[in-house]
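Working notes, structure below.
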Amino acid sequence: MIRNYNNIAGDINHLSELSIYGHVAEIVGMLVEITGLQRGLSVGDLVRIHGRHNQEVQAEVVGFRSGHALVLPFGSLDGVGMGCRAELAETDPSIYPTEEWLGRVINAFAGPADDKGPLPKGEYRYPIHNVPPAAHDRRRVGGKVDLGVRAMNAFLTCCRGQRMGIFSGSGVGKSALLSMMARNTDAEVNVVGLIGERGREAREFLEDTLGKEGLKRSVIIVATSDEPALTRRQAAYVTMSVAEYFRDQGKNVLCLMDSVTRFAMAQREIGLSTGEPPASKGYTPSVFAELPKLLERAGPGSKSQGDITGLFTVLVEGDDHNEPVADAVRGILDGHVVLDRQIAERGRFPAINILKSVSRTMPNCNRAEENDVINKARKLLATYEDMAELIRLGAYRGGTDVAVDEAIHYYPMIEGFLAQSVEERCDLEEGYKELYQMLGFKSKAELIEVDRSDEKLTGGSD
């Protein structure tokens with residue numbers, strides 16, 4: 001009951017002292033121009049448009065032109081015409097997250113999107129358009145996060161508070177890799193944003209991928225591809241706001257977003273509607289301004305907070321990893337995972353190209369022996385790939401180069417190590433142990449045992 005009273009008090013405190021009305025002056029496509037409200041509005045405010053038959057359409061202010069406010073609706077404009085009344089609804093859109101949201105599926109407006117009844121409201125108000133902690137207040141990245149995927153844990157180790165991008169073309173396995181990590185991670189809370197996803201895949205993700213156990217510690221935010229651009233963009237902001245709530249509770253949060261590209265496409269659609277000039281491949285300047293605002297909200301918290309470890313998928317158009325959105329995102333994040341279509345066509349999943357992927361927290365987060373075995377494996381892969389064409393054509397003769405012979409010997413083993421089914425889980429220590437054994441390295445525990453054996457034989461050290 002105390003929480004409910006606090007909710008009511010918070011809502012009252014953020015109510016406007018008086019109602020401000022204007023009217024619809026012009027409609028072009030999905031863009032609505034409103035006059036009479038411009039002095040009481042700012043970009044990001046919400047407006048309620050009253051159409052025929054008491055229909056209400058919620059819209060967001062996206063700009064101003066010639067003394068008129070430009071708004072885009074969150075739904076259909078059917079029943080809205082010239083002169084319809086427009087009312088200022090909310091000047092700072094916000095949500096009220098709570099621990100009770102765990103196990104729930106919500107929409108872009110923080111409303112229920114499942115069949116589990118109304119969504120409870122938390123005690124504290126979180127703005128949708130929030131800002132990240134100040135750079136000087138943030139901690140450094142923490143210890144390793146176990147993602148349950150061998151290739152990621154060993155070759156692309158991710159730390160608490162790190163932000164990684166998963167880059168690939170369509171149909172190469174981004175969503176499958178994301179689902180493996182969502183189910184197998186050791187993070188305390190998962191916050192998953194499905195931005196512009198196919199509606200058919202949402203239920204499959206919940207039932208087949210996450211399952212009941214994974215869903216218990218997850219909050220899923222869904223905005224399907226058929227929803228308006230404004231709704232898809234807002235779902236991404238709500239995803240980050242929910243993650244920030246759990247971070248502030250001291251939790252280690254894994255934030256998964258699929259995909260940043262669809263967020264950028266939604267922002268491009270909004271920008272073009274307001275008259276922004278197209279820049280790189282049709283993307284407007286506001287796209288490249290909004291990307292860092294969204295992605296920087298993930299990362300380490302301040303001293304009293306937890307961390308948001310961010311994994312964001314990027315759909316590269318035409319398998320061009322240098323296209324504008326991919327290039328911009330790669331420059332913001334702390335590492336990138338490249339999924340290769342050729343590897344997927346060979347039947348190895350996850351189709352991670354180890355040589356083209358990098359985690360910027362490595363090698364500092366690893367022990368010396370872990371770096372040694374990873375560097376050895378990378379070197380073997382690079383040597384084999386350099387000679388791959390000659391080997392496949394039969395032009396290379398065994399015994400010509402010792403390094404190439406070694407790479408040919410170990411390459412199938414490393415490929416087998418990198419392959420993993422969606423249902424399989426592999427923890428951090430288990431993955432390194434397999435790699436040690438495969439390449440003939442001794443783990444730290446084995447080295448300690450060897451030292452102890454030597455001491456017994458020599459009678460100890462002076």
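Identifiers in this document derive from the order of the structure tokens: chains are assigned A, B, ..., residues are numbered from 1 separately in each chain, and ligands are numbered from 1 in order of occurrence.
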Just the residues within 6 Å of range 416-426 of chain A, please, counting only C-alpha atoms, with nothing from its chain fewer than 4 positions along; format it as a VMD selection string. chain A and resid 148 to 151 180 348 to 349
Save the residues we just selected, C-alpha atoms, as a short mmCIF file (atom, residue, chain, number, x, y, z; two decimals), in the first residue's frame?
```cif
data_model
loop_
_atom_site.label_atom_id
_atom_site.label_comp_id
_atom_site.auth_asym_id
_atom_site.auth_seq_id
_atom_site.Cartn_x
_atom_site.Cartn_y
_atom_site.Cartn_z
CA GLY A 148 27.66 -19.84 -21.61
CA VAL A 149 29.10 -19.83 -25.17
CA ARG A 150 32.59 -21.34 -25.62
CA ALA A 151 33.71 -19.08 -28.45
CA MET A 180 22.03 -18.80 -26.15
CA ARG A 348 29.44 -24.32 -38.01
CA PHE A 349 27.31 -22.46 -35.46
#
```
Quick one: which range 205-292 of chain A residues come within 12 Å of range 119-125 of chain A, and what is the nearest atom pair for each with the distance in Å to one decimal, counting only C-alpha atoms, rows ordered by chain and ascending number, as a Markdown table?
```
| residue | atom | partner | partner_atom | distance |
| --- | --- | --- | --- | --- |
| A:Val219 | CA | A:Leu119 | CA | 11.9 |
| A:Ser241 | CA | A:Arg125 | CA | 9.9 |
| A:Val242 | CA | A:Arg125 | CA | 10.8 |
| A:Glu244 | CA | A:Arg125 | CA | 11.3 |
| A:Tyr245 | CA | A:Tyr124 | CA | 8.7 |
| A:Phe246 | CA | A:Tyr124 | CA | 11.6 |
| A:Asp248 | CA | A:Tyr124 | CA | 10.8 |
| A:Gln249 | CA | A:Tyr124 | CA | 11.4 |
```
Residues just named, written with C-alpha atoms as a compact mmCIF listing (two decimals), in the first residue's frame:
```
# COMPACT_ATOMS: atom_id res chain seq x y z
CA VAL A 219 12.13 -8.66 -18.56
CA SER A 241 15.36 2.50 -18.58
CA VAL A 242 14.38 -0.94 -17.23
CA GLU A 244 18.96 1.18 -15.36
CA TYR A 245 16.41 0.40 -12.65
CA PHE A 246 17.92 -3.02 -11.93
CA ASP A 248 20.45 0.96 -9.42
CA GLN A 249 19.32 -1.96 -7.24
```
Determine, counting only C-alpha atoms, which protein, DNA and RNA residues have an atom within 10 Å of an atom of Arg233 in chain A; residues of the same chain fewer than 4 positions away are not included. Present the result as a PyMOL selection string. chain A and resi 108+195-196+223+228-229+237-238+260+262-267+270
Within 10 Å of Glu213 in chain A using only C-alpha atoms, minus same-chain residues under 5 positions, as a list in words: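 My list of contacting residues is Gly103, Arg183 and Ser218 of chain A.
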How would the residues just picked look written out with N, CA, C and O atoms as a short mmCIF file (atom, residue, chain, number, x, y, z; two decimals), in the first residue's frame?
```cif
data_model
loop_
_atom_site.label_atom_id
_atom_site.label_comp_id
_atom_site.auth_asym_id
_atom_site.auth_seq_id
_atom_site.Cartn_x
_atom_site.Cartn_y
_atom_site.Cartn_z
N GLY A 103 10.01 -11.78 -15.35
CA GLY A 103 9.11 -12.81 -15.88
C GLY A 103 8.00 -12.27 -16.74
O GLY A 103 7.15 -13.03 -17.20
N ARG A 183 19.92 -17.37 -22.13
CA ARG A 183 19.56 -18.52 -21.31
C ARG A 183 20.70 -19.00 -20.42
O ARG A 183 20.49 -19.46 -19.30
N SER A 218 14.13 -12.48 -16.24
CA SER A 218 14.19 -11.63 -17.42
C SER A 218 12.99 -10.70 -17.52
O SER A 218 11.90 -11.03 -17.05
#
```
Could you check the closest approach to Gly335 in chain A for each of A:Leu37, A:Cys158, A:Val402, A:Ala86 and tell me which residue wins, using only C-alpha atoms? A:Cys158
Name all residues at most 9 Å from Ile414 in chain A (count only C-alpha atoms; drop same-chain ones fewer than 4 positions away) and give them as a VMD selection string. chain A and resid 377 380 to 381 410 418 to 419 435 438
Looking only at the backbone, which of the residues in range 113-297 of chain A does DSSP tag as helix (DSSP H, G or I), as a compact mmCIF listing (two decimals) with C-alpha atoms, in the first residue's frame?
```
# COMPACT_ATOMS: atom_id res chain seq x y z
CA ALA A 135 32.18 9.60 -16.85
CA HIS A 136 34.19 10.48 -13.73
CA ASP A 137 31.61 8.72 -11.47
CA ARG A 150 32.59 -21.34 -25.62
CA ALA A 151 33.71 -19.08 -28.45
CA MET A 152 32.63 -15.94 -26.58
CA ASN A 153 33.97 -16.96 -23.17
CA ALA A 154 37.39 -18.02 -24.43
CA PHE A 155 38.23 -15.84 -27.43
CA LYS A 174 22.50 -13.21 -34.53
CA SER A 175 19.24 -13.96 -32.77
CA ALA A 176 20.25 -17.58 -32.08
CA LEU A 177 23.54 -16.46 -30.49
CA LEU A 178 21.72 -13.84 -28.45
CA SER A 179 19.23 -16.43 -27.24
CA MET A 180 22.03 -18.80 -26.15
CA MET A 181 23.58 -16.06 -24.03
CA ALA A 182 20.23 -14.99 -22.55
CA ARG A 183 19.56 -18.52 -21.31
CA ASN A 184 23.08 -19.49 -20.22
CA GLY A 199 5.91 -11.00 -34.43
CA ARG A 200 6.13 -14.75 -35.03
CA GLU A 201 9.56 -14.96 -33.37
CA ALA A 202 8.58 -13.32 -30.08
CA ARG A 203 6.67 -16.34 -28.76
CA GLU A 204 9.36 -18.74 -29.98
CA PHE A 205 11.99 -16.69 -28.15
CA LEU A 206 10.02 -16.85 -24.91
CA GLU A 207 8.99 -20.51 -24.99
CA ASP A 208 11.81 -22.29 -26.83
CA THR A 209 14.83 -20.08 -26.21
CA LEU A 210 14.46 -18.60 -22.74
CA GLY A 211 12.17 -21.22 -21.25
CA LYS A 212 10.54 -20.91 -17.82
CA GLU A 213 13.81 -20.71 -15.88
CA GLY A 214 15.31 -18.04 -18.12
CA LEU A 215 12.09 -16.01 -18.14
CA LYS A 216 11.99 -15.89 -14.33
CA ALA A 229 8.69 4.00 -36.12
CA LEU A 230 8.09 6.04 -32.98
CA THR A 231 6.98 2.93 -31.08
CA ARG A 232 10.01 0.93 -32.22
CA ARG A 233 12.35 3.72 -31.14
CA GLN A 234 10.63 4.12 -27.78
CA ALA A 235 10.95 0.38 -27.08
CA ALA A 236 14.73 0.78 -27.23
CA TYR A 237 14.63 3.66 -24.74
CA VAL A 238 12.32 1.71 -22.40
CA THR A 239 14.71 -1.26 -22.56
CA MET A 240 17.55 0.91 -21.29
CA SER A 241 15.36 2.50 -18.58
CA VAL A 242 14.38 -0.94 -17.23
CA ALA A 243 18.04 -2.01 -17.23
CA GLU A 244 18.96 1.18 -15.36
CA TYR A 245 16.41 0.40 -12.65
CA PHE A 246 17.92 -3.02 -11.93
CA ARG A 247 21.43 -1.53 -12.12
CA ASP A 248 20.45 0.96 -9.42
CA VAL A 260 20.31 -1.48 -33.01
CA THR A 261 19.96 -1.29 -36.80
CA ARG A 262 16.16 -1.32 -36.57
CA PHE A 263 16.37 1.43 -33.96
CA ALA A 264 18.48 3.43 -36.44
CA MET A 265 15.99 2.73 -39.24
CA ALA A 266 13.14 3.95 -37.04
CA GLN A 267 15.07 7.14 -36.26
CA ARG A 268 15.82 7.60 -39.98
CA GLU A 269 12.10 7.31 -40.75
CA ILE A 270 11.32 9.90 -38.09
CA GLY A 271 14.06 12.25 -39.30
CA LEU A 272 12.98 12.07 -42.93
CA SER A 273 9.35 12.75 -41.91
CA SER A 280 25.04 8.48 -45.54
CA LYS A 281 22.89 5.90 -47.37
CA GLY A 282 19.74 7.83 -46.50
CA PRO A 285 22.20 13.23 -38.99
CA SER A 286 19.90 12.62 -36.01
CA VAL A 287 20.54 8.85 -36.32
CA PHE A 288 24.24 9.32 -35.54
CA ALA A 289 23.37 11.70 -32.70
CA GLU A 290 20.91 9.26 -31.09
CA LEU A 291 23.09 6.13 -31.30
CA PRO A 292 25.63 7.20 -28.64
CA LYS A 293 22.84 8.55 -26.42
CA LEU A 294 21.27 5.09 -26.41
CA LEU A 295 24.40 2.92 -26.22
```
Rank A:Ala279, A:Ile128, A:Trp101, A:Val373 by their smallest atom-to-atom distance to Lys433 in chain A, using only C-alpha atoms, and report the top residue only. A:Val373
With a distance cut-off of 12 Å and only C-alpha atoms, select the neighbouring residues of Ile20 in chain A, excluding the residue or stretch itself and same-chain residues fewer than 3 positions from it, and output the selection as a ChimeraX atom specification. /A:15-17,23,35-41,47-48,85-91
When distances are computed from only C-alpha atoms, which of A:Leu393, A:Ala187, A:Ala69, A:Val337 shows the smallest separation from Gly161 in chain A?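 Under the stated criterion, the closest residue is A:Ala187.
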Of A:Gly431, A:Gly63, A:Gly169, A:Gly51, the one sitting nearest Leu147 in chain A when using only C-alpha atoms is A:Gly431
Find the residues near Val32 in chain A: any atom within 10 Å, counting only C-alpha atoms, skip ones fewer than 6 places away on the same chain, and give them as a ChimeraX atom specification. /A:24-26,49,59,61,68-73,77,80-82,273-274
Grab the residues selected above and save them as a PDB file, in the first residue's frame with N, CA and C atoms.
```pdb
ATOM      1  N   VAL A  24      -5.092  20.749 -34.599  1.00  0.00           N
ATOM      2  CA  VAL A  24      -4.381  20.223 -35.764  1.00  0.00           C
ATOM      3  C   VAL A  24      -4.494  21.222 -36.911  1.00  0.00           C
ATOM      4  N   ALA A  25      -3.332  21.636 -37.452  1.00  0.00           N
ATOM      5  CA  ALA A  25      -3.310  22.606 -38.542  1.00  0.00           C
ATOM      6  C   ALA A  25      -3.072  21.944 -39.894  1.00  0.00           C
ATOM      7  N   GLU A  26      -2.324  20.824 -39.890  1.00  0.00           N
ATOM      8  CA  GLU A  26      -2.001  20.178 -41.173  1.00  0.00           C
ATOM      9  C   GLU A  26      -1.557  18.749 -40.910  1.00  0.00           C
ATOM     10  N   ILE A  49      -4.099  13.650 -29.121  1.00  0.00           N
ATOM     11  CA  ILE A  49      -4.960  14.228 -30.149  1.00  0.00           C
ATOM     12  C   ILE A  49      -6.335  13.581 -30.059  1.00  0.00           C
ATOM     13  N   ALA A  59       0.777  11.013 -29.411  1.00  0.00           N
ATOM     14  CA  ALA A  59       1.839  11.374 -30.348  1.00  0.00           C
ATOM     15  C   ALA A  59       2.994  12.018 -29.583  1.00  0.00           C
ATOM     16  N   VAL A  61       6.256  14.905 -29.781  1.00  0.00           N
ATOM     17  CA  VAL A  61       6.803  16.071 -30.475  1.00  0.00           C
ATOM     18  C   VAL A  61       8.200  15.727 -30.986  1.00  0.00           C
ATOM     19  N   HIS A  68       4.825  26.018 -35.895  1.00  0.00           N
ATOM     20  CA  HIS A  68       3.979  24.867 -35.605  1.00  0.00           C
ATOM     21  C   HIS A  68       4.809  23.761 -34.962  1.00  0.00           C
ATOM     22  N   ALA A  69       4.174  22.997 -34.074  1.00  0.00           N
ATOM     23  CA  ALA A  69       4.815  21.820 -33.494  1.00  0.00           C
ATOM     24  C   ALA A  69       4.593  20.631 -34.420  1.00  0.00           C
ATOM     25  N   LEU A  70       5.664  19.856 -34.682  1.00  0.00           N
ATOM     26  CA  LEU A  70       5.580  18.672 -35.529  1.00  0.00           C
ATOM     27  C   LEU A  70       5.515  17.444 -34.630  1.00  0.00           C
ATOM     28  N   VAL A  71       4.466  16.644 -34.779  1.00  0.00           N
ATOM     29  CA  VAL A  71       4.312  15.454 -33.946  1.00  0.00           C
ATOM     30  C   VAL A  71       4.099  14.233 -34.828  1.00  0.00           C
ATOM     31  N   LEU A  72       4.559  13.088 -34.335  1.00  0.00           N
ATOM     32  CA  LEU A  72       4.322  11.805 -34.995  1.00  0.00           C
ATOM     33  C   LEU A  72       3.513  10.920 -34.058  1.00  0.00           C
ATOM     34  N   PRO A  73       2.510  10.213 -34.586  1.00  0.00           N
ATOM     35  CA  PRO A  73       1.641   9.400 -33.724  1.00  0.00           C
ATOM     36  C   PRO A  73       2.246   8.045 -33.397  1.00  0.00           C
ATOM     37  N   LEU A  77      -3.826   7.285 -37.583  1.00  0.00           N
ATOM     38  CA  LEU A  77      -4.438   8.621 -37.554  1.00  0.00           C
ATOM     39  C   LEU A  77      -5.885   8.591 -38.043  1.00  0.00           C
ATOM     40  N   VAL A  80      -8.688  11.396 -37.322  1.00  0.00           N
ATOM     41  CA  VAL A  80      -8.054  12.689 -36.990  1.00  0.00           C
ATOM     42  C   VAL A  80      -8.083  13.580 -38.220  1.00  0.00           C
ATOM     43  N   GLY A  81      -8.547  14.806 -38.070  1.00  0.00           N
ATOM     44  CA  GLY A  81      -8.625  15.733 -39.187  1.00  0.00           C
ATOM     45  C   GLY A  81      -8.273  17.148 -38.772  1.00  0.00           C
ATOM     46  N   MET A  82      -8.429  18.082 -39.703  1.00  0.00           N
ATOM     47  CA  MET A  82      -8.124  19.491 -39.436  1.00  0.00           C
ATOM     48  C   MET A  82      -8.984  20.020 -38.296  1.00  0.00           C
ATOM     49  N   SER A 273      10.716  12.210 -42.010  1.00  0.00           N
ATOM     50  CA  SER A 273       9.354  12.746 -41.915  1.00  0.00           C
ATOM     51  C   SER A 273       9.354  14.213 -41.503  1.00  0.00           C
ATOM     52  N   THR A 274      10.331  14.589 -40.684  1.00  0.00           N
ATOM     53  CA  THR A 274      10.397  15.972 -40.210  1.00  0.00           C
ATOM     54  C   THR A 274      11.181  16.877 -41.142  1.00  0.00           C
TER      55      THR A 274
END
```
Between CA of Tyr432 in chain A and CA of Ala403 in chain A - distance in Å to one decimal: 22.8 Å
Can you list every residue in range 269-460 of chain A that DSSP puts in strand (DSSP E or B), as a count of residues only? 19
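Reported to one decimal place, the separation of CA of Leu256 in chain A from CA of Thr313 in chain A is 8.1 Å.
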Range 298-324 of chain A residues near range 138-142 of chain A within 6 Å, closest pair each, using only C-alpha atoms, as JSON lines:
```
{"residue": "A:Pro300", "atom": "CA", "partner": "A:Arg139", "partner_atom": "CA", "distance": 5.8}
{"residue": "A:Gly301", "atom": "CA", "partner": "A:Arg138", "partner_atom": "CA", "distance": 5.3}
{"residue": "A:Ser302", "atom": "CA", "partner": "A:Arg138", "partner_atom": "CA", "distance": 4.5}
```
Serialized selection, all heavy atoms, as an mmCIF file, in the first residue's frame:
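The result, stored in again.cif:
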```cif
data_model
loop_
_atom_site.group_PDB
_atom_site.id
_atom_site.type_symbol
_atom_site.label_atom_id
_atom_site.label_comp_id
_atom_site.auth_asym_id
_atom_site.auth_seq_id
_atom_site.Cartn_x
_atom_site.Cartn_y
_atom_site.Cartn_z
ATOM 1 N N PRO A 300 29.325 0.373 -16.827
ATOM 2 C CA PRO A 300 29.438 0.298 -15.364
ATOM 3 C C PRO A 300 28.652 1.419 -14.699
ATOM 4 O O PRO A 300 28.530 2.519 -15.238
ATOM 5 C CB PRO A 300 30.945 0.470 -15.117
ATOM 6 C CG PRO A 300 31.608 0.307 -16.442
ATOM 7 C CD PRO A 300 30.603 0.693 -17.471
ATOM 8 N N GLY A 301 28.122 1.129 -13.521
ATOM 9 C CA GLY A 301 27.446 2.155 -12.747
ATOM 10 C C GLY A 301 28.423 2.887 -11.843
ATOM 11 O O GLY A 301 29.642 2.709 -11.942
ATOM 12 N N SER A 302 27.900 3.718 -10.961
ATOM 13 C CA SER A 302 28.750 4.409 -9.989
ATOM 14 C C SER A 302 29.052 3.447 -8.833
ATOM 15 O O SER A 302 28.701 2.271 -8.871
ATOM 16 C CB SER A 302 28.043 5.668 -9.485
ATOM 17 O OG SER A 302 26.830 5.338 -8.839
#
```
With only C-alpha atoms as the basis for distance, which of A:Cys84, A:Met362, A:Leu390, A:Met164 is at the shortest distance from His50 in chain A? A:Cys84
Length of the CA of Ser225 in chain A to CA of Pro118 in chain A vector [Å]: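 Separation of CA of Ser225 in chain A and CA of Pro118 in chain A: 24.2 Å.
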